[in-house]
file final.pdb (PDB, C-alpha atoms)
ATOM      1  CA  MET A  28      -7.012 -31.899   9.550
ATOM      2  CA  LEU A  29      -6.467 -28.244   8.768
ATOM      3  CA  ASN A  30      -4.427 -25.872  10.879
ATOM      4  CA  LYS A  31      -6.421 -23.372  12.945
ATOM      5  CA  ALA A  32      -6.253 -19.607  12.592
ATOM      6  CA  VAL A  33      -8.001 -18.184  15.650
ATOM      7  CA  ILE A  34      -9.118 -14.617  14.949
ATOM      8  CA  ASN A  35     -10.514 -12.456  17.730
ATOM      9  CA  LEU A  36     -12.998 -10.002  16.216
ATOM     10  CA  ASN A  37     -13.467  -8.278  19.578
ATOM     11  CA  ILE A  38      -9.798  -7.280  19.548
ATOM     12  CA  LEU A  39     -10.125  -6.194  15.914
ATOM     13  CA  LYS A  40     -12.984  -3.859  16.853
ATOM     14  CA  GLU A  41     -11.078  -2.575  19.867
ATOM     15  CA  ASN A  42      -8.102  -1.741  17.633
ATOM     16  CA  ALA A  43     -10.404   0.105  15.230
ATOM     17  CA  LEU A  44     -11.978   2.113  18.039
ATOM     18  CA  ASN A  45      -8.550   3.010  19.425
ATOM     19  CA  VAL A  46      -7.527   4.332  16.020
ATOM     20  CA  LYS A  47     -10.808   6.156  15.569
ATOM     21  CA  SER A  48     -10.423   7.880  18.935
ATOM     22  CA  LYS A  49      -7.210   9.514  17.682
ATOM     23  CA  LEU A  50      -8.736  10.949  14.510
ATOM     24  CA  SER A  51      -9.918  14.515  14.205
ATOM     25  CA  LYS A  52     -13.693  14.894  14.044
ATOM     26  CA  ASP A  53     -14.185  15.122  10.271
ATOM     27  CA  VAL A  54     -11.394  12.782   9.146
ATOM     28  CA  LYS A  55     -12.669   9.648   7.406
ATOM     29  CA  PHE A  56     -11.480   6.156   8.300
ATOM     30  CA  CYS A  57     -10.667   3.726   5.475
ATOM     31  CA  ALA A  58     -10.062   0.128   6.550
ATOM     32  CA  VAL A  59      -7.560  -1.694   4.350
ATOM     33  CA  VAL A  60      -8.722  -5.276   3.824
ATOM     34  CA  LYS A  61      -6.609  -6.243   0.806
ATOM     35  CA  ALA A  62      -4.873  -9.629   0.704
ATOM     36  CA  ASP A  63      -7.810 -11.272   2.483
ATOM     37  CA  ALA A  64      -7.528  -8.655   5.251
ATOM     38  CA  TYR A  65      -3.850  -9.487   5.732
ATOM     39  CA  GLY A  66      -4.807 -13.155   6.081
ATOM     40  CA  HIS A  67      -7.653 -12.598   8.561
ATOM     41  CA  GLY A  68     -10.576 -13.136   6.152
ATOM     42  CA  ALA A  69     -11.684 -10.019   4.285
ATOM     43  CA  CYS A  70     -15.449 -10.522   4.191
ATOM     44  CA  VAL A  71     -15.769 -11.379   7.891
ATOM     45  CA  VAL A  72     -13.373  -8.604   8.896
ATOM     46  CA  ALA A  73     -15.153  -6.000   6.750
ATOM     47  CA  ASN A  74     -18.532  -6.867   8.212
ATOM     48  CA  ALA A  75     -17.105  -6.710  11.743
ATOM     49  CA  LEU A  76     -15.592  -3.276  11.044
ATOM     50  CA  TYR A  77     -18.590  -1.940   9.130
ATOM     51  CA  PRO A  78     -20.039   0.210  11.974
ATOM     52  CA  TYR A  79     -16.684   1.876  12.715
ATOM     53  CA  VAL A  80     -15.287   2.864   9.311
ATOM     54  CA  ASP A  81     -16.314   4.966   6.331
ATOM     55  CA  CYS A  82     -14.930   2.875   3.491
ATOM     56  CA  PHE A  83     -12.709  -0.063   2.601
ATOM     57  CA  ALA A  84      -9.609  -0.477   0.440
ATOM     58  CA  VAL A  85      -8.640  -3.531  -1.601
ATOM     59  CA  ALA A  86      -5.859  -4.261  -4.088
ATOM     60  CA  LEU A  87      -7.760  -6.248  -6.711
ATOM     61  CA  PRO A  88     -11.185  -5.825  -8.347
ATOM     62  CA  GLU A  89     -12.056  -9.384  -7.354
ATOM     63  CA  GLU A  90     -11.471  -8.501  -3.706
ATOM     64  CA  GLY A  91     -13.929  -5.630  -4.033
ATOM     65  CA  VAL A  92     -16.523  -7.843  -5.716
ATOM     66  CA  ALA A  93     -16.236 -10.379  -2.878
ATOM     67  CA  LEU A  94     -16.998  -7.608  -0.360
ATOM     68  CA  ARG A  95     -20.020  -6.453  -2.350
ATOM     69  CA  ARG A  96     -21.341 -10.022  -2.466
ATOM     70  CA  ALA A  97     -20.793 -10.251   1.295
ATOM     71  CA  GLY A  98     -23.138  -7.301   1.819
ATOM     72  CA  ILE A  99     -20.682  -4.373   2.040
ATOM     73  CA  ASP A 100     -22.451  -1.332   0.590
ATOM     74  CA  LYS A 101     -19.996   1.387   1.669
ATOM     75  CA  GLU A 102     -17.379   2.800  -0.673
ATOM     76  CA  ILE A 103     -14.672   0.354  -1.753
ATOM     77  CA  LEU A 104     -11.457   1.779  -3.195
ATOM     78  CA  CYS A 105      -9.327  -0.435  -5.436
ATOM     79  CA  LEU A 106      -5.715   0.634  -4.880
ATOM     80  CA  ASN A 107      -4.455  -0.585  -8.257
ATOM     81  CA  PRO A 108      -5.500   0.792 -11.658
ATOM     82  CA  PRO A 109      -7.756  -1.205 -13.987
ATOM     83  CA  PHE A 110      -6.604  -3.643 -16.619
ATOM     84  CA  ILE A 111      -8.818  -3.879 -19.686
ATOM     85  CA  ARG A 112     -10.666  -6.918 -18.312
ATOM     86  CA  ASP A 113     -11.225  -5.231 -14.936
ATOM     87  CA  ALA A 114     -12.971  -2.059 -16.029
ATOM     88  CA  GLN A 115     -16.469  -3.419 -16.519
ATOM     89  CA  LEU A 116     -16.332  -5.364 -13.285
ATOM     90  CA  LEU A 117     -15.248  -2.271 -11.325
ATOM     91  CA  VAL A 118     -18.008  -0.133 -12.790
ATOM     92  CA  ASP A 119     -20.757  -2.731 -12.479
ATOM     93  CA  TYR A 120     -19.958  -3.346  -8.801
ATOM     94  CA  ASN A 121     -19.572   0.368  -8.036
ATOM     95  CA  ILE A 122     -15.971   0.061  -6.929
ATOM     96  CA  THR A 123     -13.955   3.279  -6.835
ATOM     97  CA  CYS A 124     -10.976   3.012  -9.157
ATOM     98  CA  THR A 125      -7.402   4.252  -8.982
ATOM     99  CA  VAL A 126      -6.278   6.103 -12.116
ATOM    100  CA  TYR A 127      -3.149   7.955 -13.186
ATOM    101  CA  THR A 128      -3.100   7.689 -16.997
ATOM    102  CA  PHE A 129      -5.449   8.691 -19.805
ATOM    103  CA  ASN A 130      -5.733   5.001 -20.690
ATOM    104  CA  HIS A 131      -7.127   4.175 -17.236
ATOM    105  CA  VAL A 132      -9.775   6.865 -17.725
ATOM    106  CA  ASP A 133     -10.649   5.618 -21.220
ATOM    107  CA  LEU A 134     -11.149   2.048 -19.991
ATOM    108  CA  LEU A 135     -13.549   3.207 -17.291
ATOM    109  CA  ARG A 136     -15.332   5.686 -19.545
ATOM    110  CA  ARG A 137     -16.167   2.944 -22.058
ATOM    111  CA  ALA A 138     -17.300   0.553 -19.324
ATOM    112  CA  ALA A 139     -19.438   3.250 -17.683
ATOM    113  CA  LYS A 140     -21.043   4.178 -21.014
ATOM    114  CA  LYS A 141     -21.900   0.517 -21.641
ATOM    115  CA  SER A 142     -23.586   0.262 -18.230
ATOM    116  CA  GLY A 143     -25.178   3.718 -18.261
ATOM    117  CA  ALA A 144     -23.235   4.503 -15.093
ATOM    118  CA  ILE A 145     -20.676   6.956 -13.750
ATOM    119  CA  ALA A 146     -17.266   5.604 -12.747
ATOM    120  CA  SER A 147     -15.895   6.989  -9.482
ATOM    121  CA  VAL A 148     -12.112   7.461  -9.407
ATOM    122  CA  HIS A 149      -9.314   8.530  -7.097
ATOM    123  CA  ILE A 150      -6.255   9.938  -8.865
ATOM    124  CA  LYS A 151      -2.959   8.513  -7.581
ATOM    125  CA  PHE A 152      -0.215  11.118  -7.133
ATOM    126  CA  ASN A 153       3.461  10.243  -6.755
ATOM    127  CA  ALA A 154       4.768  12.264  -3.817
ATOM    128  CA  GLY A 155       8.161  10.570  -3.773
ATOM    129  CA  MET A 156       7.685   6.838  -3.378
ATOM    130  CA  ASN A 157       8.162   6.457  -7.162
ATOM    131  CA  ARG A 158       5.849   3.477  -7.387
ATOM    132  CA  GLN A 159       2.590   4.566  -9.003
ATOM    133  CA  GLY A 160       0.868   7.844  -9.800
ATOM    134  CA  VAL A 161       1.190  11.029 -11.835
ATOM    135  CA  ASP A 162       4.573  12.582 -11.196
ATOM    136  CA  ASP A 163       3.906  16.303 -11.060
ATOM    137  CA  ILE A 164       1.289  19.019 -10.842
ATOM    138  CA  ARG A 165       1.176  19.558 -14.601
ATOM    139  CA  GLN A 166       0.322  15.906 -15.246
ATOM    140  CA  LEU A 167      -2.225  15.984 -12.448
ATOM    141  CA  ASN A 168      -3.936  19.028 -13.939
ATOM    142  CA  GLU A 169      -4.049  17.409 -17.383
ATOM    143  CA  LEU A 170      -5.588  14.249 -15.942
ATOM    144  CA  ILE A 171      -8.208  16.241 -14.015
ATOM    145  CA  GLU A 172      -9.197  18.032 -17.238
ATOM    146  CA  TYR A 173      -9.277  14.730 -19.131
ATOM    147  CA  CYS A 174     -11.573  13.147 -16.538
ATOM    148  CA  ASP A 175     -13.798  16.209 -16.610
ATOM    149  CA  LYS A 176     -14.200  16.007 -20.381
ATOM    150  CA  SER A 177     -15.017  12.301 -20.323
ATOM    151  CA  LYS A 178     -18.444  12.923 -18.693
ATOM    152  CA  ARG A 179     -18.613   9.302 -17.514
ATOM    153  CA  VAL A 180     -15.737   9.521 -15.009
ATOM    154  CA  LYS A 181     -16.096  11.448 -11.752
ATOM    155  CA  ILE A 182     -13.122  12.376  -9.568
ATOM    156  CA  THR A 183     -14.076  11.723  -5.944
ATOM    157  CA  GLY A 184     -10.589  11.540  -4.464
ATOM    158  CA  THR A 185      -6.855  11.890  -4.871
ATOM    159  CA  TYR A 186      -4.175  10.163  -2.843
ATOM    160  CA  SER A 187      -0.567   9.239  -2.399
ATOM    161  CA  HIS A 188       1.529   6.920  -0.257
ATOM    162  CA  LEU A 189       4.416   7.725   2.073
ATOM    163  CA  SER A 190       7.550   5.665   1.535
ATOM    164  CA  ALA A 191       9.184   6.288   4.928
ATOM    165  CA  PRO A 192       6.898   8.103   7.388
ATOM    166  CA  GLU A 193       9.229   7.187  10.249
ATOM    167  CA  ASN A 194      11.895   9.385   8.618
ATOM    168  CA  LYS A 195      11.294  13.042   9.490
ATOM    169  CA  ASN A 196      12.889  14.503   6.365
ATOM    170  CA  ALA A 197      11.238  12.073   3.936
ATOM    171  CA  LEU A 198       7.878  12.596   5.634
ATOM    172  CA  LYS A 199       8.094  16.391   5.396
ATOM    173  CA  SER A 200       9.176  16.347   1.759
ATOM    174  CA  GLN A 201       6.462  13.956   0.622
ATOM    175  CA  VAL A 202       3.672  15.589   2.619
ATOM    176  CA  ASN A 203       4.605  19.014   1.235
ATOM    177  CA  LYS A 204       4.562  17.671  -2.310
ATOM    178  CA  PHE A 205       1.180  16.053  -1.717
ATOM    179  CA  LEU A 206      -0.228  19.298  -0.323
ATOM    180  CA  LEU A 207       0.424  20.952  -3.684
ATOM    181  CA  ALA A 208      -1.632  18.229  -5.328
ATOM    182  CA  ASN A 209      -4.286  18.594  -2.642
ATOM    183  CA  ASN A 210      -4.580  22.345  -3.329
ATOM    184  CA  LEU A 211      -4.956  21.785  -7.070
ATOM    185  CA  VAL A 212      -7.654  19.129  -6.696
ATOM    186  CA  LYS A 213      -9.543  21.156  -4.083
ATOM    187  CA  GLY A 214      -9.568  24.051  -6.524
ATOM    188  CA  TYR A 215     -11.311  21.763  -8.980
ATOM    189  CA  ASN A 216     -13.764  20.436  -6.397
ATOM    190  CA  ASN A 217     -13.447  21.095  -2.661
ATOM    191  CA  LYS A 218     -15.522  17.990  -1.878
ATOM    192  CA  VAL A 219     -12.880  15.641  -3.276
ATOM    193  CA  ILE A 220     -11.396  13.388  -0.569
ATOM    194  CA  CYS A 221      -7.609  13.737  -0.321
ATOM    195  CA  HIS A 222      -5.617  11.119   1.591
ATOM    196  CA  VAL A 223      -1.937  10.356   2.009
ATOM    197  CA  SER A 224      -1.534   8.448   5.287
ATOM    198  CA  ALA A 225      -1.578   4.723   5.808
ATOM    199  CA  SER A 226      -0.846   3.380   9.296
ATOM    200  CA  GLY A 227       2.637   4.922   9.394
ATOM    201  CA  GLY A 228       1.522   8.413   8.428
ATOM    202  CA  PHE A 229      -1.333   8.186  10.915
ATOM    203  CA  LEU A 230       1.134   7.357  13.703
ATOM    204  CA  LYS A 231       2.995  10.550  12.797
ATOM    205  CA  GLY A 232      -0.192  12.628  13.027
ATOM    206  CA  VAL A 233      -0.734  13.197   9.292
ATOM    207  CA  GLU A 234      -4.444  13.040   8.499
ATOM    208  CA  ALA A 235      -5.722  15.061   5.450
ATOM    209  CA  ASP A 236      -9.378  14.159   4.674
ATOM    210  CA  MET A 237      -8.976  10.429   5.319
ATOM    211  CA  VAL A 238      -6.519   7.855   6.627
ATOM    212  CA  ARG A 239      -6.066   4.323   5.299
ATOM    213  CA  ILE A 240      -5.461   1.925   8.181
ATOM    214  CA  GLY A 241      -4.242  -1.601   7.545
ATOM    215  CA  ILE A 242      -1.609  -3.202   9.781
ATOM    216  CA  LEU A 243      -2.766  -1.342  12.915
ATOM    217  CA  LEU A 244      -6.199  -2.964  12.664
ATOM    218  CA  TYR A 245      -4.585  -6.377  12.928
ATOM    219  CA  GLY A 246      -2.515  -5.469  15.956
ATOM    220  CA  TYR A 247       0.887  -4.375  14.664
ATOM    221  CA  LYS A 248       2.774  -1.143  14.015
ATOM    222  CA  PRO A 249       5.057  -0.379  11.062
ATOM    223  CA  PHE A 250       7.523   1.166  13.529
ATOM    224  CA  GLU A 251       7.686   1.747  17.272
ATOM    225  CA  SER A 252       5.146   4.292  18.483
ATOM    226  CA  LYS A 253       3.093   4.983  21.604
ATOM    227  CA  PHE A 254       0.531   7.034  19.689
ATOM    228  CA  VAL A 255      -2.140   4.332  19.751
ATOM    229  CA  LYS A 256      -2.556   0.982  21.489
ATOM    230  CA  VAL A 257      -3.317  -2.120  19.420
ATOM    231  CA  LYS A 258      -3.204  -5.858  20.099
ATOM    232  CA  PRO A 259      -2.647  -8.869  17.784
ATOM    233  CA  VAL A 260      -5.879 -10.298  16.407
ATOM    234  CA  MET A 261      -4.809 -13.698  15.029
ATOM    235  CA  LYS A 262      -2.915 -16.752  16.241
ATOM    236  CA  VAL A 263      -2.166 -19.833  14.143
ATOM    237  CA  TYR A 264      -2.012 -23.378  15.491
ATOM    238  CA  ALA A 265      -1.077 -26.767  14.016
ATOM    239  CA  PRO A 266      -2.143 -30.255  15.144
ATOM    240  CA  PRO A 267       0.529 -32.576  16.609
ATOM    241  CA  LEU A 268       1.279 -35.891  14.930
ATOM    242  CA  CYS A 269       3.778 -37.695  17.175
ATOM    243  CA  ASN A 270       6.827 -37.293  19.411
ATOM    244  CA  ARG A 271      10.317 -38.351  18.382
ATOM    245  CA  PHE A 272      13.534 -38.699  20.410
ATOM    246  CA  ILE A 273      16.706 -37.749  18.572
ATOM    247  CA  LYS A 274      19.981 -39.031  19.999
ATOM    248  CA  THR A 275      23.170 -36.986  20.030
ATOM    249  CA  GLY A 276      24.725 -37.112  16.577
ATOM    250  CA  GLU A 277      21.554 -38.288  14.832
ATOM    251  CA  SER A 278      19.770 -36.334  12.147
ATOM    252  CA  ALA A 279      16.078 -35.849  11.516
ATOM    253  CA  LEU A 280      14.041 -34.604   8.570
ATOM    254  CA  TYR A 281      15.845 -33.794   5.312
ATOM    255  CA  GLY A 282      19.600 -33.290   5.280
ATOM    256  CA  THR A 283      22.424 -34.194   7.624
ATOM    257  CA  HIS A 284      21.839 -31.650  10.412
ATOM    258  CA  THR A 285      22.542 -33.535  13.657
ATOM    259  CA  ALA A 286      21.534 -33.090  17.278
ATOM    260  CA  THR A 287      24.274 -31.751  19.569
ATOM    261  CA  ALA A 288      22.473 -33.220  22.596
ATOM    262  CA  PRO A 289      19.575 -35.634  23.182
ATOM    263  CA  THR A 290      16.518 -33.821  21.799
ATOM    264  CA  GLU A 291      12.828 -34.586  22.007
ATOM    265  CA  VAL A 292      10.731 -33.088  19.208
ATOM    266  CA  THR A 293       7.043 -33.003  18.384
ATOM    267  CA  LEU A 294       6.129 -33.329  14.741
ATOM    268  CA  VAL A 295       3.299 -30.959  13.881
ATOM    269  CA  ARG A 296       1.275 -30.800  10.697
ATOM    270  CA  TYR A 297       2.627 -27.449   9.497
ATOM    271  CA  GLY A 298       5.158 -27.035   6.712
ATOM    272  CA  TYR A 299       6.387 -24.372   4.365
ATOM    273  CA  ALA A 300       3.410 -25.070   2.080
ATOM    274  CA  ASP A 301       1.243 -23.769   4.935
ATOM    275  CA  GLY A 302       2.853 -20.349   4.601
ATOM    276  CA  LEU A 303       5.778 -19.766   6.941
ATOM    277  CA  PHE A 304       9.315 -20.148   5.791
ATOM    278  CA  ARG A 305      11.419 -23.253   5.351
ATOM    279  CA  LYS A 306      14.590 -22.354   7.232
ATOM    280  CA  GLU A 307      15.300 -23.496  10.766
ATOM    281  CA  THR A 308      14.642 -20.982  13.517
ATOM    282  CA  ASP A 309      14.224 -20.881  17.300
ATOM    283  CA  GLY A 310      11.913 -23.563  18.640
ATOM    284  CA  GLN A 311      12.264 -26.039  15.788
ATOM    285  CA  PHE A 312      14.727 -28.743  14.753
ATOM    286  CA  ASN A 313      16.135 -28.507  11.239
ATOM    287  CA  ASN A 314      14.303 -26.885   8.321
ATOM    288  CA  ARG A 315      10.589 -27.365   7.863
ATOM    289  CA  CYS A 316       9.399 -29.997   5.439
ATOM    290  CA  MET A 317       6.676 -29.108   2.978
ATOM    291  CA  ASP A 318       3.973 -30.325   5.365
ATOM    292  CA  LEU A 319       5.718 -30.915   8.719
ATOM    293  CA  THR A 320       7.752 -29.088  11.348
ATOM    294  CA  ALA A 321       9.749 -30.613  14.195
ATOM    295  CA  VAL A 322       8.956 -28.444  17.221
ATOM    296  CA  THR A 323      11.327 -28.448  20.195
ATOM    297  CA  ASN A 324       9.619 -26.124  22.683
ATOM    298  CA  GLY A 325       6.226 -25.158  21.300
ATOM    299  CA  LYS A 326       3.189 -24.026  23.277
ATOM    300  CA  SER A 327       0.245 -26.385  23.088
ATOM    301  CA  CYS A 328      -3.458 -25.713  23.684
ATOM    302  CA  ARG A 329      -6.784 -27.151  22.560
ATOM    303  CA  TYR A 330      -6.187 -25.840  19.023
ATOM    304  CA  GLY A 331      -2.771 -27.515  18.750
ATOM    305  CA  TYR A 332       0.774 -26.129  18.821
ATOM    306  CA  GLU A 333       1.200 -22.401  18.460
ATOM    307  CA  ILE A 334       2.940 -21.620  15.166
ATOM    308  CA  MET A 335       2.297 -17.882  14.998
ATOM    309  CA  GLY A 336       1.282 -16.025  18.137
ATOM    310  CA  ASN A 337       2.982 -12.689  17.556
ATOM    311  CA  ALA A 338       3.832 -11.763  13.977
ATOM    312  CA  ASP A 339       6.509  -9.256  15.006
ATOM    313  CA  GLN A 340       8.403 -11.938  16.926
ATOM    314  CA  VAL A 341       8.099 -14.476  14.117
ATOM    315  CA  ALA A 342       9.149 -11.856  11.567
ATOM    316  CA  LYS A 343      12.257 -11.006  13.583
ATOM    317  CA  ARG A 344      13.315 -14.656  13.617
ATOM    318  CA  TYR A 345      12.969 -14.913   9.846
ATOM    319  CA  GLY A 346      14.382 -11.508   8.951
ATOM    320  CA  THR A 347      11.175 -10.109   7.494
ATOM    321  CA  ILE A 348       8.193  -7.957   8.577
ATOM    322  CA  SER A 349       4.879  -8.688  10.280
ATOM    323  CA  TYR A 350       2.911  -7.940   7.088
ATOM    324  CA  GLU A 351       4.509 -10.884   5.302
ATOM    325  CA  VAL A 352       4.043 -13.231   8.242
ATOM    326  CA  LEU A 353       0.345 -12.355   8.588
ATOM    327  CA  THR A 354      -0.453 -12.818   4.905
ATOM    328  CA  LYS A 355       1.382 -16.164   4.744
ATOM    329  CA  SER A 356       0.930 -17.949   8.043
ATOM    330  CA  ALA A 357      -2.674 -19.137   7.650
ATOM    331  CA  LEU A 358      -2.678 -20.284   4.023
ATOM    332  CA  ARG A 359      -3.904 -23.808   4.837
ATOM    333  CA  ALA A 360      -5.846 -23.019   7.968
ATOM    334  CA  GLU A 361      -9.452 -23.103   9.044
ATOM    335  CA  LYS A 362     -10.433 -19.676  10.308
ATOM    336  CA  ILE A 363     -12.110 -19.739  13.722
ATOM    337  CA  TYR A 364     -13.657 -16.424  14.746
ATOM    338  CA  ILE A 365     -14.116 -15.285  18.326
ATOM    339  CA  ARG A 366     -17.020 -12.834  18.413
TER     340      ARG A 366
END

call {"tool": "encode", "arguments": {"input": "final.pdb", "output": "structure tokens"}}
result
Amino acid sequence: MLNKAVINLNILKENALNVKSKLSKDVKFCAVVKADAYGHGACVVANALYPYVDCFAVALPEEGVALRRAGIDKEILCLNPPFIRDAQLLVDYNITCTVYTFNHVDLLRRAAKKSGAIASVHIKFNAGMNRQGVDDIRQLNELIEYCDKSKRVKITGTYSHLSAPENKNALKSQVNKFLLANNLVKGYNNKVICHVSASGGFLKGVEADMVRIGILLYGYKPFESKFVKVKPVMKVYAPPLCNRFIKTGESALYGTHTATAPTEVTLVRYGYADGLFRKETDGQFNNRCMDLTAVTNGKSCRYGYEIMGNADQVAKRYGTISYEVLTKSALRAEKIYIR
């Protein structure tokens, strides 16, 4: 029996509408559905969000292709640049590509020529995160000119990413640097879509032409903010197997960890191979096994024992962030959608 990931699409839509209500009139809304929509099921999530957003963002070409095959006909932006084997796929499925080198442009130009198409690209600009993108205005200008000469590659956007939007000084510095890039690209074509804010930038009121919203859609915030209200969309449950009674001084599961008092546990069919982490934390006895967990005070319902009800709370116990919990917790789970 598989675990159950119960995903409430009504809450997902409510979160999207709450975000949308905070946007200025002409600002576009890009829904980030990479990593299987943060574990929620990208194709189902994208179709549920379709009426409320302008485009979608993925990390891999294959993720974009899956959306196209699921009926998504709006713009899809791939947030990573193409490898040589990706270029034709991106062009043939009309997926907007990220570029920041001449080589990226050449790969797409050749693929577009082969298909008799035009490749749409967004240029990535490094505003201070130092991860991907052209590093300065001179390089940006050279890449714009190179795209323009290629004839088969059309610049439809430019973007960056904020490394620490919760930090006032970092935010100001990176936004100011991006605005220089924005001014250069707008001088080339004022219809180009410029975007710099993901969920964190949005919470700080930074919009540009578009915002990319990921974690907020799924009910979590990258830092504390009252700017918009969102609620968790997914809970993960595991089926119980049996109850065990552990006497004081006895061990259970792997290792020699012993009970300090008489302890009743419920073995549930969820282990570290199902996504969440091995180490012992509140509500369980000893480390997880690969396929089992000994639960000491879990909540039970018709779907089984609750393993992940609030990703922020689970993340705090394991010393990580909600993003990681969401993408991991439902690896071996049947997705059940509430519509």

call {"tool": "closest_atom_pairs", "arguments": {"input": "final.pdb", "of": "segment 157-255 of chain A", "to": "segment 77-101 of chain A", "cutoff": "12 Å", "atoms": "only C-alpha atoms", "output": "tab-separated table"}}
result
residue	atom	partner	partner_atom	distance
A:Ile220	CA	A:Cys82	CA	11.8
A:Ala225	CA	A:Ala84	CA	11.0
A:Asp236	CA	A:Asp81	CA	11.6
A:Met237	CA	A:Asp81	CA	9.2
A:Val238	CA	A:Asp81	CA	10.2
A:Arg239	CA	A:Ala84	CA	7.7
A:Ile240	CA	A:Ala84	CA	9.1
A:Gly241	CA	A:Ala84	CA	9.0
A:Leu244	CA	A:Val80	CA	11.3

call {"tool": "resolve_selection", "arguments": {"input": "final.pdb", "expression": "the PyMOL selection byres ((chain A and resi 300) around 9)", "output": "list of chain:residue names"}}
result
A:Tyr297, A:Gly298, A:Tyr299, A:Asp301, A:Gly302, A:Leu303, A:Phe304, A:Arg305, A:Cys316, A:Met317, A:Asp318, A:Leu358, A:Arg359

call {"tool": "resolve_selection", "arguments": {"input": "final.pdb", "expression": "the PyMOL selection byres ((chain A and resi 362) around 12)", "output": "list in words"}}
result
Leu29, Asn30, Lys31, Ala32, Val33, Ile34, Asn35, Leu36, Asp63, Gly66, His67, Gly68, Ala69, Val71, Val72, Met261, Lys262, Val263, Tyr264, Tyr330, Ser356, Ala357, Leu358, Arg359, Ala360, Glu361, Ile363, Tyr364 and Ile365 of chain A

call {"tool": "residues_around", "arguments": {"input": "final.pdb", "residues": "segment 153-157 of chain A", "least_positions_apart": "5", "cutoff": "8 Å", "atoms": "all atoms listed in the file", "output": "PyMOL selection string"}}
result
chain A and resi 162-163+187-190+201-202+204-205

call {"tool": "closest_residue", "arguments": {"input": "final.pdb", "among": "A:Lys195, A:Lys256, A:His131, A:Lys231", "to": "Gly160 of chain A", "atoms": "all atoms listed in the file"}}
result
A:His131

call {"tool": "resolve_selection", "arguments": {"input": "final.pdb", "expression": "the PyMOL selection byres ((chain A and resi 141) around 12)", "output": "VMD selection string"}}
result
chain A and resid 114 to 116 118 to 119 134 to 140 142 to 146 179

call {"tool": "atom_distance", "arguments": {"input": "final.pdb", "atom1": "atom CA of Ile182 of chain A", "atom2": "atom CA of Ser147 of chain A"}}
result
6.1 Å

call {"tool": "atom_distance", "arguments": {"input": "final.pdb", "atom1": "atom CA of Cys57 of chain A", "atom2": "atom CA of Tyr120 of chain A"}}
result
18.4 Å

call {"tool": "atom_distance", "arguments": {"input": "final.pdb", "atom1": "atom CA of Val132 of chain A", "atom2": "atom CA of Ala58 of chain A"}}
result
25.2 Å

call {"tool": "closest_residue", "arguments": {"input": "final.pdb", "among": "A:Tyr345, A:Phe152, A:Tyr281, A:Tyr350", "to": "Ala62 of chain A", "atoms": "all atoms listed in the file"}}
result
A:Tyr350

call {"tool": "closest_residue", "arguments": {"input": "final.pdb", "among": "A:Pro192, A:Ile171, A:Gly246, A:Val257", "to": "Gly227 of chain A", "atoms": "all atoms listed in the file"}}
result
A:Pro192

call {"tool": "closest_residue", "arguments": {"input": "final.pdb", "among": "A:Leu280, A:Ile111, A:Leu50, A:Val322", "to": "Gly232 of chain A", "atoms": "only C-alpha atoms"}}
result
A:Leu50

call {"tool": "decode", "arguments": {"input": "final.pdb", "residues": "segment 71-81 of chain A", "atoms": "N, CA and C atoms", "output": "tab-separated table (two decimals), in the first residue's frame"}}
result
chain	number	residue	atom	x	y	z
A	71	VAL	N	-1.24	18.37	-12.74
A	71	VAL	CA	-2.53	18.65	-12.09
A	71	VAL	C	-2.54	20.07	-11.54
A	72	VAL	N	-1.46	20.46	-10.89
A	72	VAL	CA	-1.37	21.80	-10.31
A	72	VAL	C	-1.45	22.87	-11.40
A	73	ALA	N	-0.71	22.67	-12.50
A	73	ALA	CA	-0.72	23.66	-13.58
A	73	ALA	C	-2.11	23.82	-14.18
A	74	ASN	N	-2.80	22.73	-14.37
A	74	ASN	CA	-4.16	22.83	-14.92
A	74	ASN	C	-5.11	23.50	-13.94
A	75	ALA	N	-4.92	23.26	-12.65
A	75	ALA	CA	-5.77	23.92	-11.65
A	75	ALA	C	-5.51	25.43	-11.62
A	76	LEU	N	-4.25	25.82	-11.82
A	76	LEU	CA	-3.88	27.24	-11.76
A	76	LEU	C	-4.08	27.97	-13.07
A	77	TYR	N	-4.32	27.24	-14.13
A	77	TYR	CA	-4.35	27.80	-15.48
A	77	TYR	C	-5.19	29.10	-15.60
A	78	PRO	N	-6.38	29.17	-15.02
A	78	PRO	CA	-7.19	30.39	-15.20
A	78	PRO	C	-6.63	31.63	-14.47
A	79	TYR	N	-5.71	31.41	-13.53
A	79	TYR	CA	-5.30	32.50	-12.64
A	79	TYR	C	-3.92	33.07	-12.95
A	80	VAL	N	-3.15	32.41	-13.80
A	80	VAL	CA	-1.76	32.82	-14.02
A	80	VAL	C	-1.51	33.06	-15.51
A	81	ASP	N	-0.40	33.74	-15.78
A	81	ASP	CA	-0.05	34.08	-17.16
A	81	ASP	C	0.93	33.10	-17.78
